[in-house]
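Quick look at model.tsv (TSV, C-alpha atoms (C1' of nucleotides)):
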chain	number	residue	atom	x	y	z
A	812	MET	CA	-9.47	-28.85	7.11
A	813	ASN	CA	-5.80	-28.16	6.43
A	814	ILE	CA	-4.59	-27.42	2.91
A	815	PRO	CA	-0.82	-27.82	2.44
A	816	ILE	CA	0.80	-25.62	-0.21
A	817	PRO	CA	4.47	-26.38	-1.01
A	818	THR	CA	6.71	-23.29	-0.99
A	819	PRO	CA	9.84	-22.48	-3.02
A	820	ARG	CA	13.19	-23.07	-1.30
A	821	ASP	CA	13.92	-19.34	-1.19
A	822	PHE	CA	10.54	-18.43	0.33
A	823	SER	CA	10.25	-16.77	3.75
A	824	PHE	CA	6.74	-16.67	5.20
A	825	ARG	CA	7.64	-14.06	7.82
A	826	ARG	CA	9.47	-11.76	5.43
A	827	THR	CA	6.59	-12.02	2.93
A	828	ALA	CA	3.68	-11.66	5.35
A	829	LEU	CA	5.31	-8.69	7.07
A	830	SER	CA	6.85	-7.20	3.93
A	831	HIS	CA	4.71	-4.06	4.25
A	832	GLY	CA	1.63	-2.79	6.07
A	833	TRP	CA	-1.01	-4.78	4.16
A	834	TYR	CA	-0.93	-7.62	6.74
A	835	ASP	CA	-2.52	-5.25	9.26
A	836	LEU	CA	-5.38	-4.03	7.06
A	837	PRO	CA	-8.60	-6.06	6.91
A	838	PRO	CA	-9.50	-8.55	5.58
A	839	PHE	CA	-5.88	-9.45	6.49
A	840	SER	CA	-4.71	-9.70	10.08
A	841	PHE	CA	-1.57	-11.08	11.64
A	842	ASP	CA	-0.88	-12.68	15.03
A	843	ARG	CA	2.77	-12.28	15.99
A	844	ASP	CA	2.42	-14.69	18.92
A	845	THR	CA	1.51	-17.62	16.69
A	846	TRP	CA	2.90	-16.17	13.43
A	847	THR	CA	-0.45	-16.72	11.75
A	848	LEU	CA	-1.69	-14.67	8.80
A	849	THR	CA	-5.48	-14.61	8.66
A	850	ARG	CA	-7.40	-13.59	5.58
A	851	VAL	CA	-11.07	-13.55	4.61
A	852	LEU	CA	-11.28	-14.63	0.99
A	853	ASP	CA	-14.12	-13.78	-1.34
A	854	ILE	CA	-15.38	-16.92	-3.07
A	855	ASP	CA	-17.36	-16.55	-6.30
A	856	ASN	CA	-21.00	-17.61	-5.84
A	857	GLY	CA	-20.44	-18.49	-2.20
A	858	ALA	CA	-19.93	-17.14	1.27
A	859	PRO	CA	-16.49	-15.73	2.05
A	860	VAL	CA	-14.06	-18.12	3.74
A	861	THR	CA	-11.65	-17.30	6.54
A	862	VAL	CA	-8.25	-18.97	6.13
A	863	LYS	CA	-5.48	-19.09	8.72
A	864	ILE	CA	-2.04	-19.43	7.19
A	865	THR	CA	1.01	-20.71	9.03
A	866	ALA	CA	4.34	-21.95	7.71
A	867	THR	CA	6.39	-25.12	8.02
A	868	PRO	CA	9.92	-25.29	6.56
A	869	HIS	CA	8.80	-26.33	3.08
A	870	ALA	CA	5.08	-25.56	2.93
A	871	LEU	CA	2.28	-23.29	3.99
A	872	ASN	CA	-0.47	-24.77	6.08
A	873	VAL	CA	-3.82	-23.18	5.21
A	874	HIS	CA	-6.45	-23.93	7.82
A	875	VAL	CA	-10.15	-23.62	6.97
A	876	ALA	CA	-12.82	-24.21	9.62
A	877	ARG	CA	-15.20	-26.16	7.40
A	878	GLN	CA	-14.71	-28.73	4.66
A	879	PRO	CA	-14.83	-26.65	1.49
A	880	SER	CA	-15.77	-27.92	-1.97
A	881	GLN	CA	-13.00	-28.85	-4.41
A	882	ARG	CA	-13.75	-25.70	-6.34
A	883	THR	CA	-13.41	-23.57	-3.21
A	884	VAL	CA	-10.14	-25.28	-2.31
A	885	ALA	CA	-8.81	-24.46	-5.78
A	886	ARG	CA	-9.82	-20.81	-5.33
A	887	ILE	CA	-8.20	-20.66	-1.88
A	888	VAL	CA	-4.94	-22.11	-3.20
A	889	ARG	CA	-4.95	-19.69	-6.12
A	890	ASP	CA	-5.52	-16.65	-3.91
A	891	VAL	CA	-2.93	-17.68	-1.30
A	892	ARG	CA	-0.32	-18.35	-3.99
A	893	HIS	CA	-1.06	-14.96	-5.54
A	894	ALA	CA	-1.05	-12.99	-2.27
A	895	LEU	CA	2.18	-14.53	-0.98
A	896	ARG	CA	3.87	-14.42	-4.39
A	897	LEU	CA	4.71	-18.15	-4.40
A	898	ASP	CA	5.05	-18.15	-8.18
A	899	ASP	CA	7.47	-15.21	-8.32
A	900	ASP	CA	10.95	-16.17	-9.50
A	901	MET	CA	13.28	-14.30	-7.13
A	902	GLN	CA	16.59	-15.68	-8.43
A	903	THR	CA	17.28	-12.84	-10.87
A	904	PHE	CA	16.72	-10.30	-8.08
A	905	TYR	CA	18.87	-12.27	-5.68
A	906	GLY	CA	21.58	-12.43	-8.33
A	907	ALA	CA	21.44	-8.64	-8.66
A	908	VAL	CA	21.96	-8.02	-4.92
A	909	THR	CA	24.14	-10.95	-3.90
A	910	ASP	CA	27.48	-9.19	-4.53
A	911	ASP	CA	26.59	-6.19	-2.38
A	912	PRO	CA	27.50	-6.77	1.29
A	913	ASP	CA	24.70	-4.48	2.49
A	914	PHE	CA	22.11	-6.46	0.59
A	915	THR	CA	23.17	-10.10	0.93
A	916	TRP	CA	20.84	-10.42	3.93
A	917	ILE	CA	17.97	-10.29	1.41
A	918	VAL	CA	19.12	-13.55	-0.16
A	919	ARG	CA	19.93	-15.11	3.20
A	920	GLN	CA	16.53	-14.26	4.67
A	921	GLY	CA	14.45	-14.85	1.55
A	922	ALA	CA	13.12	-11.29	1.47
A	923	GLY	CA	11.70	-9.49	-1.55
A	924	ARG	CA	8.24	-10.98	-1.98
A	925	LEU	CA	5.72	-8.19	-1.29
A	926	LEU	CA	2.39	-9.28	0.16
A	927	ARG	CA	-0.52	-8.31	-2.06
A	928	SER	CA	-4.27	-8.68	-2.14
A	929	PRO	CA	-6.06	-11.36	-4.15
A	930	THR	CA	-7.17	-8.65	-6.57
A	931	VAL	CA	-5.48	-5.58	-8.02
A	932	PHE	CA	-8.75	-3.72	-7.38
A	933	GLU	CA	-8.29	-4.20	-3.63
A	934	ASP	CA	-4.64	-3.10	-3.81
A	935	LEU	CA	-5.72	-0.05	-5.79
A	936	VAL	CA	-8.38	1.00	-3.28
A	937	LYS	CA	-6.05	0.43	-0.33
A	938	THR	CA	-3.21	2.34	-1.96
A	939	ILE	CA	-5.47	5.37	-2.43
A	940	CYS	CA	-6.30	5.02	1.28
A	941	THR	CA	-2.59	5.41	2.12
A	942	THR	CA	-2.18	8.75	0.37
A	943	ASN	CA	-1.81	12.02	2.23
A	944	CYS	CA	-2.78	10.73	5.65
A	945	SER	CA	-1.47	8.91	8.69
A	946	TRP	CA	-1.43	5.12	8.84
A	947	ALA	CA	-4.06	5.34	11.58
A	948	LEU	CA	-6.44	7.01	9.14
A	949	THR	CA	-5.61	4.49	6.41
A	950	ASP	CA	-6.49	1.73	8.85
A	951	LYS	CA	-9.76	3.43	9.82
A	952	MET	CA	-10.82	3.99	6.21
A	953	VAL	CA	-10.15	0.39	5.16
A	954	ARG	CA	-11.82	-0.99	8.29
A	955	GLU	CA	-15.01	1.02	7.71
A	956	LEU	CA	-15.05	-0.05	4.07
A	957	VAL	CA	-14.75	-3.75	4.88
A	958	ASN	CA	-17.08	-3.69	7.91
A	959	ASN	CA	-19.84	-1.87	6.05
A	960	LEU	CA	-19.63	-3.18	2.49
A	961	GLY	CA	-17.81	-6.52	2.69
A	962	GLN	CA	-19.84	-9.73	2.46
A	963	ALA	CA	-19.86	-11.70	5.72
A	964	GLY	CA	-18.84	-15.35	5.85
A	965	CYS	CA	-20.36	-18.06	8.07
A	966	ASP	CA	-18.13	-16.91	10.95
A	967	GLY	CA	-19.21	-13.29	10.55
A	968	ALA	CA	-15.83	-12.18	9.20
A	969	ARG	CA	-16.07	-9.91	6.19
A	970	ALA	CA	-14.31	-10.05	2.83
A	971	PHE	CA	-13.11	-7.03	0.90
A	972	PRO	CA	-16.08	-5.45	-0.89
A	973	THR	CA	-16.60	-6.13	-4.56
A	974	PRO	CA	-16.57	-3.28	-7.09
A	975	ALA	CA	-20.35	-3.76	-7.46
A	976	ALA	CA	-20.91	-3.40	-3.71
A	977	MET	CA	-18.81	-0.25	-3.65
A	978	ALA	CA	-20.53	1.16	-6.73
A	979	ALA	CA	-23.95	0.64	-5.14
A	980	VAL	CA	-23.46	3.09	-2.25
A	981	PRO	CA	-23.61	6.89	-2.57
A	982	VAL	CA	-20.63	9.23	-2.31
A	983	SER	CA	-21.93	10.23	1.13
A	984	PHE	CA	-20.95	6.76	2.43
A	985	TYR	CA	-17.30	7.36	1.52
A	986	ARG	CA	-17.39	10.82	3.00
A	987	ASP	CA	-19.50	10.38	6.16
A	988	VAL	CA	-18.97	6.70	7.13
A	989	MET	CA	-15.58	5.82	5.67
A	990	ARG	CA	-14.34	9.35	6.52
A	991	SER	CA	-12.23	9.43	3.37
A	992	GLY	CA	-12.68	13.17	2.89
A	993	TYR	CA	-11.77	14.50	-0.56
A	994	ARG	CA	-11.12	10.92	-1.73
A	995	ALA	CA	-14.85	10.06	-1.50
A	996	PRO	CA	-15.80	10.80	-5.12
A	997	TYR	CA	-12.66	8.99	-6.31
A	998	PHE	CA	-13.78	5.70	-4.71
A	999	LYS	CA	-17.30	6.02	-6.08
A	1000	GLU	CA	-16.06	6.73	-9.61
A	1001	LEU	CA	-13.46	3.94	-9.47
A	1002	ALA	CA	-15.98	1.34	-8.28
A	1003	GLU	CA	-18.49	2.35	-10.95
A	1004	ARG	CA	-15.91	2.12	-13.73
A	1005	VAL	CA	-14.68	-1.31	-12.61
A	1006	ALA	CA	-18.21	-2.65	-12.01
A	1007	ALA	CA	-19.22	-1.48	-15.50
A	1008	ASP	CA	-16.12	-3.11	-17.08
A	1009	GLU	CA	-14.87	0.27	-18.26
A	1010	LEU	CA	-11.68	-0.29	-16.27
A	1011	ASP	CA	-9.96	-3.61	-15.59
A	1012	PRO	CA	-7.21	-3.24	-12.96
A	1013	GLU	CA	-6.58	-7.01	-13.05
A	1014	SER	CA	-5.24	-6.61	-16.59
A	1015	TRP	CA	-2.30	-4.64	-15.15
A	1016	LEU	CA	-0.90	-7.94	-13.85
A	1017	THR	CA	-0.29	-9.24	-17.35
A	1018	SER	CA	0.06	-5.96	-19.24
A	1019	GLU	CA	2.80	-5.86	-21.85
A	1020	LEU	CA	2.97	-2.06	-21.74
A	1021	PRO	CA	6.36	-0.57	-20.82
A	1022	THR	CA	6.39	0.56	-17.19
A	1023	PRO	CA	6.09	4.32	-17.94
A	1024	GLU	CA	2.99	3.69	-20.09
A	1025	LEU	CA	1.43	1.38	-17.50
A	1026	LYS	CA	2.11	4.03	-14.87
A	1027	ARG	CA	0.32	6.61	-17.01
A	1028	ALA	CA	-2.66	4.24	-17.31
A	1029	MET	CA	-2.76	3.83	-13.54
A	1030	LYS	CA	-2.58	7.60	-13.01
A	1031	ARG	CA	-5.74	8.01	-15.05
A	1032	VAL	CA	-7.56	6.72	-11.96
A	1033	LYS	CA	-8.51	9.71	-9.81
A	1034	GLY	CA	-6.54	9.71	-6.57
A	1035	VAL	CA	-3.60	7.85	-8.09
A	1036	GLY	CA	-0.52	10.01	-8.49
A	1037	ASP	CA	3.18	9.21	-8.80
A	1038	TYR	CA	3.56	7.51	-5.42
A	1039	ALA	CA	0.36	5.47	-5.64
A	1040	ALA	CA	1.05	4.34	-9.21
A	1041	GLU	CA	4.59	3.28	-8.38
A	1042	ASN	CA	3.42	1.39	-5.31
A	1043	LEU	CA	0.88	-0.45	-7.47
A	1044	LEU	CA	3.54	-1.18	-10.07
A	1045	LYS	CA	5.55	-3.01	-7.39
A	1046	LEU	CA	2.48	-5.02	-6.44
A	1047	VAL	CA	2.00	-6.15	-10.03
A	1048	GLY	CA	5.66	-7.14	-10.27
A	1049	ARG	CA	7.41	-4.09	-11.75
A	1050	TYR	CA	10.33	-2.95	-9.66
A	1051	ASP	CA	11.95	-0.34	-11.92
A	1052	VAL	CA	10.19	2.41	-9.91
A	1053	LEU	CA	10.90	3.67	-6.38
A	1054	ALA	CA	7.50	4.77	-4.96
A	1055	LEU	CA	8.96	7.48	-2.76
A	1056	ASP	CA	6.72	8.78	0.00
A	1057	SER	CA	7.37	10.76	3.15
A	1058	TRP	CA	8.02	7.59	5.18
A	1059	VAL	CA	10.66	6.31	2.74
A	1060	ARG	CA	12.27	9.74	2.47
A	1061	GLY	CA	12.49	10.00	6.24
A	1062	LYS	CA	13.88	6.51	6.64
A	1063	PHE	CA	16.45	7.06	3.88
A	1064	ALA	CA	17.55	10.25	5.63
A	1065	ARG	CA	18.08	8.33	8.88
A	1066	LEU	CA	19.85	5.36	7.28
A	1067	HIS	CA	21.96	6.94	4.58
A	1068	ASN	CA	22.07	10.73	4.88
A	1069	ARG	CA	23.06	11.53	8.48
A	1070	ASN	CA	19.45	12.22	9.38
A	1071	ARG	CA	19.18	15.04	6.88
A	1072	PRO	CA	16.61	15.20	4.07
A	1073	ALA	CA	17.92	13.82	0.77
A	1074	THR	CA	16.68	14.83	-2.64
A	1075	ASP	CA	14.73	12.27	-4.64
A	1076	LYS	CA	17.58	12.30	-7.17
A	1077	LYS	CA	20.04	11.32	-4.47
A	1078	ILE	CA	17.79	8.46	-3.34
A	1079	ALA	CA	17.48	7.32	-6.96
A	1080	ARG	CA	21.28	7.39	-7.40
A	1081	HIS	CA	21.73	5.24	-4.29
A	1082	TYR	CA	19.73	2.37	-5.79
A	1083	ALA	CA	20.48	2.91	-9.48
A	1084	ARG	CA	22.98	0.03	-9.56
A	1085	PHE	CA	20.14	-2.44	-9.14
A	1086	ASN	CA	18.61	-1.32	-12.46
A	1087	THR	CA	15.20	-2.90	-13.01
A	1088	TRP	CA	15.21	-4.19	-9.42
A	1089	ARG	CA	15.96	-0.82	-7.81
A	1090	GLY	CA	12.47	-0.38	-6.34
A	1091	LEU	CA	12.59	-3.76	-4.63
A	1092	ALA	CA	16.15	-3.22	-3.40
A	1093	LEU	CA	15.06	0.10	-1.91
A	1094	TRP	CA	12.05	-1.39	-0.15
A	1095	CYS	CA	14.08	-4.27	1.29
A	1096	ASP	CA	16.69	-1.77	2.49
A	1097	MET	CA	14.01	0.35	4.17
A	1098	THR	CA	12.42	-2.64	5.93
A	1099	LYS	CA	15.48	-4.67	6.87
A	1100	ASP	CA	15.05	-3.86	10.56
A	1101	TRP	CA	11.39	-4.87	10.67
A	1102	LEU	CA	12.30	-8.47	11.42
A	1103	GLU	CA	15.70	-8.21	13.01
A	1104	GLY	CA	15.88	-10.79	15.80
A	1105	ASN	CA	13.10	-12.83	14.22
A	1106	ASP	CA	14.96	-14.35	11.29
A	1107	GLU	CA	13.88	-17.76	10.16
B	1093	DG	C1'	-9.64	23.84	25.13
B	1094	DC	C1'	-7.84	25.72	20.99
B	1095	DG	C1'	-4.85	26.46	17.02
B	1096	DT	C1'	-1.31	24.57	14.14
B	1097	DC	C1'	1.21	21.12	11.89
B	1098	DC	C1'	1.68	17.08	9.35
B	1099	DA	C1'	1.17	12.27	7.85
B	1100	DG	C1'	3.22	6.32	3.59
B	1101	DG	C1'	-0.07	12.93	-1.92
B	1102	DT	C1'	-3.11	14.34	-5.61
B	1103	DC	C1'	-5.80	17.47	-8.39
B	1104	DT	C1'	-6.57	21.64	-10.80
B	1105	DA	C1'	-5.63	26.03	-12.63
B	1106	DC	C1'	-2.32	28.69	-14.37
B	1107	DC	C1'	1.96	29.98	-16.52
C	1268	DG	C1'	6.06	20.41	-18.17
C	1269	DG	C1'	6.39	22.68	-14.02
C	1270	DT	C1'	4.38	24.79	-9.89
C	1271	DA	C1'	1.31	26.96	-6.27
C	1272	DG	C1'	-2.60	26.35	-3.61
C	1273	DA	C1'	-6.48	23.72	-2.05
C	1274	DC	C1'	-8.04	19.57	-0.17
C	1275	DC	C1'	-10.27	15.78	4.26
C	1276	DT	C1'	-9.05	13.57	8.47
C	1277	DG	C1'	-7.31	12.89	13.02
C	1278	DG	C1'	-3.46	12.59	16.21
C	1279	DA	C1'	0.48	15.11	18.26
C	1280	DC	C1'	2.10	19.11	20.06
C	1281	DG	C1'	2.53	23.75	22.07
C	1282	DC	C1'	0.34	27.28	24.50
Before anything else, please render the file you have as structure tokens.
Amino acid sequence: MNIPIPTPRDFSFRRTALSHGWYDLPPFSFDRDTWTLTRVLDIDNGAPVTVKITATPHALNVHVARQPSQRTVARIVRDVRHALRLDDDMQTFYGAVTDDPDFTWIVRQGAGRLLRSPTVFEDLVKTICTTNCSWALTDKMVRELVNNLGQAGCDGARAFPTPAAMAAVPVSFYRDVMRSGYRAPYFKELAERVAADELDPESWLTSELPTPELKRAMKRVKGVGDYAAENLLKLVGRYDVLALDSWVRGKFARLHNRNRPATDKKIARHYARFNTWRGLALWCDMTKDWLEGNDE
DNA sequence: GCGTCCAGGTCTACC
DNA sequence: GGTAGACCTGGACGC
């Protein structure tokens, strides 16, 4: 079955799907030959469903192997819209960058929508997996988590594990199977708190707290520091933070500082003119070359 | 083969 | 509030 989902005029499937590394971490995967984003979606009270997402000029085409129920279709549409940020209004951001010659490509290419997971919980776990390690280790940790704790669909593909599934395994799983090292107790504690409704990461999406206060709330999760919190803030739609990590610092040095390390203050000054959109302007700037030669 | 460094940082103790 | 040192893993690198 194919489910068509109309897309906004300023939407770019390629720029959104490949906006950052999430597309390569299960239960996402991406095929650059066919430009297909695959995702295994968790369906409440049912087996997970694998969807294959491609784009036409004005719509997404979501392919599902079997004929799902109406309720499942509604869930699929909701999750795809959420993950690909179809409901984000980008015009204010585009207005903020359109007068800057170095940033007009963002408007032209429809960049700025950052791929996210169907749940903030998943984004939170994955973000902790990115801290203080190579991308190869991030990939390994997430893969072990999904392969061992994710529920399998009819095709054998696994969804991202639920908080309850993660809370049910001992710390030794995170240490010895997931190989997450010192992060192991953080995952166990996080899953237990979310499963017990002591912590609700999904509420961060609609929180009315000012960004600094929301960031403080995020940092109360063990394993979430400045970088991780600011990365999560971007994924819930707050772009008045930069989320500087070693990769961004290195890339900024190459692009804007003659290959020499720049201070965080200097990086902040460079993007300050974009005000509340500075974090998104920075990320677009850092990833401009990811799709050069593949523009839609 | 072995030791060291470092990668998409964070926590804790201490001042 | 600011900072030093410890913390897991695994790949790259030099010897």
Excluding DA1279 of chain C and its own-chain neighbours fewer than 5 positions away, which residues fall within 12 Å of it when counting all atoms listed in the file? Please give them as a PyMOL selection string.
(chain A and resi 945) or (chain B and resi 1096-1099)
With distances taken over all atoms listed in the file, which of A:Cys944, A:Ile887, A:Met977, A:Ala858 is nearest to DG1100 of chain B?
A:Cys944
For the interface of chain A with chain C (cut-off 12 Å, counting only C-alpha atoms (C1' of nucleotides)), please tabulate each contacting residue of chain A alongside its nearest pair of atoms and their separation in Å to one decimal, rows sorted by chain and increasing number, as JSON lines.
{"residue": "A:Cys940", "atom": "CA", "partner": "C:DT1276", "partner_atom": "C1'", "distance": 11.5}
{"residue": "A:Thr942", "atom": "CA", "partner": "C:DC1275", "partner_atom": "C1'", "distance": 11.4}
{"residue": "A:Asn943", "atom": "CA", "partner": "C:DC1275", "partner_atom": "C1'", "distance": 9.5}
{"residue": "A:Cys944", "atom": "CA", "partner": "C:DT1276", "partner_atom": "C1'", "distance": 7.4}
{"residue": "A:Ser945", "atom": "CA", "partner": "C:DG1277", "partner_atom": "C1'", "distance": 8.3}
{"residue": "A:Trp946", "atom": "CA", "partner": "C:DG1277", "partner_atom": "C1'", "distance": 10.6}
{"residue": "A:Ala947", "atom": "CA", "partner": "C:DG1277", "partner_atom": "C1'", "distance": 8.3}
{"residue": "A:Leu948", "atom": "CA", "partner": "C:DT1276", "partner_atom": "C1'", "distance": 7.1}
{"residue": "A:Thr949", "atom": "CA", "partner": "C:DT1276", "partner_atom": "C1'", "distance": 9.9}
{"residue": "A:Asp950", "atom": "CA", "partner": "C:DG1277", "partner_atom": "C1'", "distance": 11.9}
{"residue": "A:Lys951", "atom": "CA", "partner": "C:DT1276", "partner_atom": "C1'", "distance": 10.3}
{"residue": "A:Met952", "atom": "CA", "partner": "C:DT1276", "partner_atom": "C1'", "distance": 10.0}
{"residue": "A:Tyr985", "atom": "CA", "partner": "C:DC1275", "partner_atom": "C1'", "distance": 11.3}
{"residue": "A:Arg986", "atom": "CA", "partner": "C:DC1275", "partner_atom": "C1'", "distance": 8.8}
{"residue": "A:Asp987", "atom": "CA", "partner": "C:DC1275", "partner_atom": "C1'", "distance": 10.9}
{"residue": "A:Met989", "atom": "CA", "partner": "C:DT1276", "partner_atom": "C1'", "distance": 10.5}
{"residue": "A:Arg990", "atom": "CA", "partner": "C:DT1276", "partner_atom": "C1'", "distance": 7.0}
{"residue": "A:Ser991", "atom": "CA", "partner": "C:DC1275", "partner_atom": "C1'", "distance": 6.7}
{"residue": "A:Gly992", "atom": "CA", "partner": "C:DC1275", "partner_atom": "C1'", "distance": 3.8}
{"residue": "A:Tyr993", "atom": "CA", "partner": "C:DC1275", "partner_atom": "C1'", "distance": 5.2}
{"residue": "A:Arg994", "atom": "CA", "partner": "C:DC1275", "partner_atom": "C1'", "distance": 7.8}
{"residue": "A:Ala995", "atom": "CA", "partner": "C:DC1275", "partner_atom": "C1'", "distance": 9.3}
{"residue": "A:Pro996", "atom": "CA", "partner": "C:DC1275", "partner_atom": "C1'", "distance": 12.0}
{"residue": "A:Gly1034", "atom": "CA", "partner": "C:DC1274", "partner_atom": "C1'", "distance": 11.9}
With all atoms of chain C from the file as input, state the centre and edge lengths in Å to one decimal of the axis-aligned box that has 8 Å extra on each side, as JSON.
{"center_x": -1.9, "center_y": 19.9, "center_z": 3.2, "size_x": 32.7, "size_y": 30.7, "size_z": 58.7}
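Residue nearest chain B within the list A:Ala1039, A:Ala894, A:Ala1083, A:Ala828: A:Ala1039 [criterion: smallest interatomic distance, all atoms listed in the file].
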Incomplete segment 998-1005 of chain A filled out to all heavy atoms as a tab-separated table (two decimals), keeping the file's coordinate frame:
chain	number	residue	atom	x	y	z
A	998	PHE	N	-13.40	7.10	-4.94
A	998	PHE	CA	-13.78	5.70	-4.71
A	998	PHE	C	-15.06	5.35	-5.46
A	998	PHE	O	-15.18	4.28	-6.05
A	998	PHE	CB	-13.95	5.44	-3.21
A	998	PHE	CG	-12.66	5.49	-2.44
A	998	PHE	CD1	-12.51	6.33	-1.36
A	998	PHE	CD2	-11.60	4.67	-2.80
A	998	PHE	CE1	-11.32	6.37	-0.64
A	998	PHE	CE2	-10.40	4.71	-2.09
A	998	PHE	CZ	-10.26	5.56	-1.01
A	999	LYS	N	-16.01	6.26	-5.40
A	999	LYS	CA	-17.30	6.02	-6.08
A	999	LYS	C	-17.07	5.86	-7.58
A	999	LYS	O	-17.55	4.90	-8.20
A	999	LYS	CB	-18.24	7.21	-5.80
A	999	LYS	CG	-19.55	7.19	-6.55
A	999	LYS	CD	-20.49	6.12	-6.06
A	999	LYS	CE	-21.86	6.27	-6.73
A	999	LYS	NZ	-22.75	5.15	-6.41
A	1000	GLU	N	-16.30	6.79	-8.16
A	1000	GLU	CA	-16.06	6.73	-9.61
A	1000	GLU	C	-15.28	5.47	-9.99
A	1000	GLU	O	-15.60	4.79	-10.97
A	1000	GLU	CB	-15.28	7.98	-10.04
A	1000	GLU	CG	-15.00	8.02	-11.54
A	1000	GLU	CD	-14.15	9.22	-11.95
A	1000	GLU	OE1	-14.42	10.33	-11.45
A	1000	GLU	OE2	-13.22	9.05	-12.77
A	1001	LEU	N	-14.26	5.14	-9.20
A	1001	LEU	CA	-13.46	3.94	-9.47
A	1001	LEU	C	-14.32	2.69	-9.45
A	1001	LEU	O	-14.26	1.86	-10.37
A	1001	LEU	CB	-12.33	3.83	-8.43
A	1001	LEU	CG	-11.57	2.51	-8.40
A	1001	LEU	CD1	-10.85	2.25	-9.72
A	1001	LEU	CD2	-10.57	2.49	-7.24
A	1002	ALA	N	-15.14	2.54	-8.41
A	1002	ALA	CA	-15.98	1.34	-8.28
A	1002	ALA	C	-16.95	1.23	-9.44
A	1002	ALA	O	-17.17	0.15	-9.99
A	1002	ALA	CB	-16.72	1.38	-6.94
A	1003	GLU	N	-17.53	2.36	-9.83
A	1003	GLU	CA	-18.49	2.35	-10.95
A	1003	GLU	C	-17.81	1.94	-12.25
A	1003	GLU	O	-18.36	1.15	-13.02
A	1003	GLU	CB	-19.13	3.73	-11.09
A	1003	GLU	CG	-20.17	4.02	-10.01
A	1003	GLU	CD	-20.79	5.40	-10.14
A	1003	GLU	OE1	-20.19	6.29	-10.80
A	1003	GLU	OE2	-21.87	5.60	-9.56
A	1004	ARG	N	-16.61	2.46	-12.47
A	1004	ARG	CA	-15.91	2.12	-13.73
A	1004	ARG	C	-15.54	0.65	-13.77
A	1004	ARG	O	-15.63	0.00	-14.81
A	1004	ARG	CB	-14.65	2.99	-13.87
A	1004	ARG	CG	-14.95	4.43	-14.20
A	1004	ARG	CD	-13.66	5.24	-14.26
A	1004	ARG	NE	-12.78	4.81	-15.34
A	1004	ARG	CZ	-11.48	5.13	-15.41
A	1004	ARG	NH1	-10.94	5.88	-14.46
A	1004	ARG	NH2	-10.75	4.71	-16.41
A	1005	VAL	N	-15.08	0.10	-12.63
A	1005	VAL	CA	-14.68	-1.31	-12.61
A	1005	VAL	C	-15.92	-2.20	-12.71
A	1005	VAL	O	-15.93	-3.19	-13.45
A	1005	VAL	CB	-13.87	-1.64	-11.34
A	1005	VAL	CG1	-13.54	-3.12	-11.28
A	1005	VAL	CG2	-12.58	-0.82	-11.32
